[in-house]
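A quick write-up on the structure given underneath.
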Amino acid sequence: MTTKISSDNIQSASLDTIGGNPKIANIQITDASYAVTSGNAVPSTGGYIKITGTRFNTGVQVLVNNTPATSVTRVSDTELNVQVPSRAVGAYNLYVINSDGSFGLRPVGLNYYIPTIQIDYLVEIGRAHV
């Protein structure tokens with residue numbers, strides 16, 4: 001059977017809606033349960049992000065520059081929950097790579113910072129220790 005394609009049976013189409021590479025629309029910093037936080041970077045010890053976009057296929061991978069994500073959960077073809085690895089402080093490219101080799105890139109898509117360390121101490125004045 002042959003189907004003739006003509007302008008009569010095509011309502012609308014664009015390269016953005018037919019096939020193509022995955023697209024990264026947004027990257028949000030999250031906590032470990034993937035609830036979005038107000039942060040704009042992940043700690044250098046690693047962290048969690050949510051990526052939204054299009055065309056995220058089953059078996060999708062995420063790279064921070066050339067380092068694979070610690071884990072990737074494909075929530076849908078438009079959402080990924082990602083645990084990112086530890087990296088040195090700085091800005092990194094973020095890649096979403098489908099199993100067919102198609103990929104999306106967000107240049108300087110993820111920033112890492114040095115986490116602050118809270119030191120609690122108690123000072124006792126006037127108490128002799130023997």
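Here's how to read the names in the structure tokens: chain A, B, ... by the order shown, residue numbers from 1 in each chain, ligand numbers from 1 in the order shown.
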Practice item. For Val62 (chain A), work out the shell of residues within 8 Å, counting only C-alpha atoms and skipping chain neighbours fewer than 4 positions away, then give it as a PyMOL selection string. Key: chain A and resi 68-69+72+82+94-97
Output N, CA, C and O atoms for every residue in the selection just made, as a CSV table (one decimal), in the first residue's frame.
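Everything below was put into part.csv:
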```csv
chain,number,residue,atom,x,y,z
A,68,PRO,N,30.0,10.8,33.0
A,68,PRO,CA,28.6,10.3,33.0
A,68,PRO,C,27.9,10.7,34.4
A,68,PRO,O,28.6,10.7,35.4
A,69,ALA,N,26.6,10.9,34.3
A,69,ALA,CA,25.8,11.2,35.5
A,69,ALA,C,25.9,9.9,36.4
A,69,ALA,O,26.0,8.8,35.9
A,72,VAL,N,20.4,8.4,36.1
A,72,VAL,CA,19.5,9.1,35.3
A,72,VAL,C,18.2,8.3,35.3
A,72,VAL,O,18.1,7.1,35.1
A,82,VAL,N,18.2,13.6,37.5
A,82,VAL,CA,19.6,13.2,37.3
A,82,VAL,C,20.4,13.5,38.6
A,82,VAL,O,20.3,14.5,39.2
A,94,LEU,N,26.5,20.4,29.5
A,94,LEU,CA,25.6,19.3,29.9
A,94,LEU,C,25.1,18.7,28.6
A,94,LEU,O,24.5,19.4,27.7
A,95,TYR,N,25.2,17.4,28.5
A,95,TYR,CA,24.8,16.7,27.3
A,95,TYR,C,23.7,15.7,27.7
A,95,TYR,O,23.8,15.0,28.7
A,96,VAL,N,22.6,15.6,26.8
A,96,VAL,CA,21.6,14.5,26.9
A,96,VAL,C,21.8,13.7,25.7
A,96,VAL,O,21.7,14.2,24.6
A,97,ILE,N,22.1,12.4,25.9
A,97,ILE,CA,22.4,11.5,24.7
A,97,ILE,C,21.4,10.4,24.7
A,97,ILE,O,21.3,9.6,25.6
```
Practice item. Check chain A with DSSP on the backbone and list each residue it calls strand (DSSP E or B), as a ChimeraX atom specification. Key: /A:23-30,36,42-43,47-54,61-64,67-68,71-76,79-84,90-97,103-113
Practice item. Have a look at CA of Ser44 (chain A) and CA of Gln83 (chain A) and let me know their distance in Å, one decimal. Key: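 These two atoms are separated by 12.5 Å.
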**Study point:** Spatial neighbours of Asn98 (chain A), max dist 6 Å, only C-alpha atoms, sep filter under 2 positions, as number ranges by chain
**Key:** A: 57, 60, 100-102
Exercise for review: May I ask which of the residues A:Ser99, A:Asn65, A:Asn111, A:Ser86 is the closest one to Gly47 (chain A), counting only C-alpha atoms?
Suggested key: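 Answer, going by the shortest atom-to-atom distance: A:Ser86.
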Review point. Using only C-alpha atoms, which of A:Leu105, A:Leu110, A:Leu80, A:Ala91 sits nearest Lys23 (chain A)?
Key: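 With only C-alpha atoms as the atom set, the closest residue is A:Leu105.
With CA of Pro43 (chain A) on one side and CA of Val89 (chain A) on the other, the separation reads 8.1 Å.
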Exercise for review: Please identify all polymer residues within 10 Å of Gln28 (chain A), counting only C-alpha atoms, omitting same-chain residues fewer than 3 positions from it, and present them as number ranges by chain.
Suggested key: A: 34-42, 48-52, 81, 110
Taking N, CA, C and O atoms for each residue, export the selection above as a PDB file, in the first residue's frame.
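Heads up, here's the output in out-v1.pdb:
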```pdb
ATOM      1  N   TYR A  34      14.207  15.220  44.346  1.00  0.00           N
ATOM      2  CA  TYR A  34      13.946  15.907  43.079  1.00  0.00           C
ATOM      3  C   TYR A  34      12.878  16.996  43.196  1.00  0.00           C
ATOM      4  O   TYR A  34      12.238  17.335  42.222  1.00  0.00           O
ATOM      5  N   ALA A  35      12.723  17.531  44.416  1.00  0.00           N
ATOM      6  CA  ALA A  35      11.903  18.731  44.591  1.00  0.00           C
ATOM      7  C   ALA A  35      12.786  19.925  44.229  1.00  0.00           C
ATOM      8  O   ALA A  35      13.931  20.028  44.698  1.00  0.00           O
ATOM      9  N   VAL A  36      12.296  20.804  43.378  1.00  0.00           N
ATOM     10  CA  VAL A  36      13.077  21.938  42.894  1.00  0.00           C
ATOM     11  C   VAL A  36      13.411  22.883  44.053  1.00  0.00           C
ATOM     12  O   VAL A  36      12.571  23.177  44.889  1.00  0.00           O
ATOM     13  N   THR A  37      14.667  23.324  44.098  1.00  0.00           N
ATOM     14  CA  THR A  37      15.122  24.269  45.120  1.00  0.00           C
ATOM     15  C   THR A  37      15.407  25.614  44.458  1.00  0.00           C
ATOM     16  O   THR A  37      15.319  25.756  43.249  1.00  0.00           O
ATOM     17  N   SER A  38      15.795  26.567  45.266  1.00  0.00           N
ATOM     18  CA  SER A  38      16.096  27.904  44.733  1.00  0.00           C
ATOM     19  C   SER A  38      17.554  28.028  44.302  1.00  0.00           C
ATOM     20  O   SER A  38      17.977  29.089  43.886  1.00  0.00           O
ATOM     21  N   GLY A  39      18.306  26.951  44.380  1.00  0.00           N
ATOM     22  CA  GLY A  39      19.726  27.002  44.045  1.00  0.00           C
ATOM     23  C   GLY A  39      19.985  27.224  42.570  1.00  0.00           C
ATOM     24  O   GLY A  39      19.136  26.948  41.716  1.00  0.00           O
ATOM     25  N   ASN A  40      21.180  27.729  42.278  1.00  0.00           N
ATOM     26  CA  ASN A  40      21.574  27.916  40.878  1.00  0.00           C
ATOM     27  C   ASN A  40      22.850  27.151  40.541  1.00  0.00           C
ATOM     28  O   ASN A  40      23.423  27.361  39.487  1.00  0.00           O
ATOM     29  N   ALA A  41      23.286  26.292  41.474  1.00  0.00           N
ATOM     30  CA  ALA A  41      24.478  25.472  41.252  1.00  0.00           C
ATOM     31  C   ALA A  41      24.396  24.257  42.180  1.00  0.00           C
ATOM     32  O   ALA A  41      23.636  24.254  43.144  1.00  0.00           O
ATOM     33  N   VAL A  42      25.185  23.239  41.864  1.00  0.00           N
ATOM     34  CA  VAL A  42      25.263  22.060  42.724  1.00  0.00           C
ATOM     35  C   VAL A  42      26.604  22.085  43.453  1.00  0.00           C
ATOM     36  O   VAL A  42      27.581  22.647  42.953  1.00  0.00           O
ATOM     37  N   TYR A  48      21.796  16.981  42.630  1.00  0.00           N
ATOM     38  CA  TYR A  48      20.629  16.509  41.902  1.00  0.00           C
ATOM     39  C   TYR A  48      20.051  17.624  41.039  1.00  0.00           C
ATOM     40  O   TYR A  48      19.996  18.775  41.464  1.00  0.00           O
ATOM     41  N   ILE A  49      19.603  17.242  39.827  1.00  0.00           N
ATOM     42  CA  ILE A  49      18.994  18.212  38.926  1.00  0.00           C
ATOM     43  C   ILE A  49      17.805  17.582  38.222  1.00  0.00           C
ATOM     44  O   ILE A  49      17.686  16.359  38.140  1.00  0.00           O
ATOM     45  N   LYS A  50      16.928  18.433  37.733  1.00  0.00           N
ATOM     46  CA  LYS A  50      15.808  18.026  36.893  1.00  0.00           C
ATOM     47  C   LYS A  50      16.017  18.708  35.550  1.00  0.00           C
ATOM     48  O   LYS A  50      16.247  19.912  35.489  1.00  0.00           O
ATOM     49  N   ILE A  51      15.979  17.915  34.472  1.00  0.00           N
ATOM     50  CA  ILE A  51      16.120  18.453  33.117  1.00  0.00           C
ATOM     51  C   ILE A  51      14.777  18.296  32.423  1.00  0.00           C
ATOM     52  O   ILE A  51      14.201  17.208  32.421  1.00  0.00           O
ATOM     53  N   THR A  52      14.269  19.381  31.851  1.00  0.00           N
ATOM     54  CA  THR A  52      13.067  19.307  31.040  1.00  0.00           C
ATOM     55  C   THR A  52      13.424  19.676  29.612  1.00  0.00           C
ATOM     56  O   THR A  52      14.370  20.420  29.362  1.00  0.00           O
ATOM     57  N   ASN A  81      15.250  13.045  35.808  1.00  0.00           N
ATOM     58  CA  ASN A  81      15.804  13.308  37.130  1.00  0.00           C
ATOM     59  C   ASN A  81      17.219  12.740  37.126  1.00  0.00           C
ATOM     60  O   ASN A  81      17.420  11.572  36.784  1.00  0.00           O
ATOM     61  N   LEU A 110      25.676  23.693  33.636  1.00  0.00           N
ATOM     62  CA  LEU A 110      25.659  23.331  35.047  1.00  0.00           C
ATOM     63  C   LEU A 110      26.868  23.927  35.749  1.00  0.00           C
ATOM     64  O   LEU A 110      27.994  23.800  35.285  1.00  0.00           O
TER      65      LEU A 110
END
```
Review point. Which residue gives the smallest distance to Pro115 (chain A) among A:Ser33, A:Thr78, A:Asn93, A:Thr45, with only C-alpha atoms counted?
Key: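 Once distances to Pro115 (chain A) are computed over only C-alpha atoms, the minimum belongs to A:Thr45.
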Review point. When you draw a straight line from CA of Tyr92 (chain A) to CA of Ala25 (chain A), how long is it in Å?
Key: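 If I compute the distance from CA of Tyr92 (chain A) to CA of Ala25 (chain A), I get 16.4 Å.
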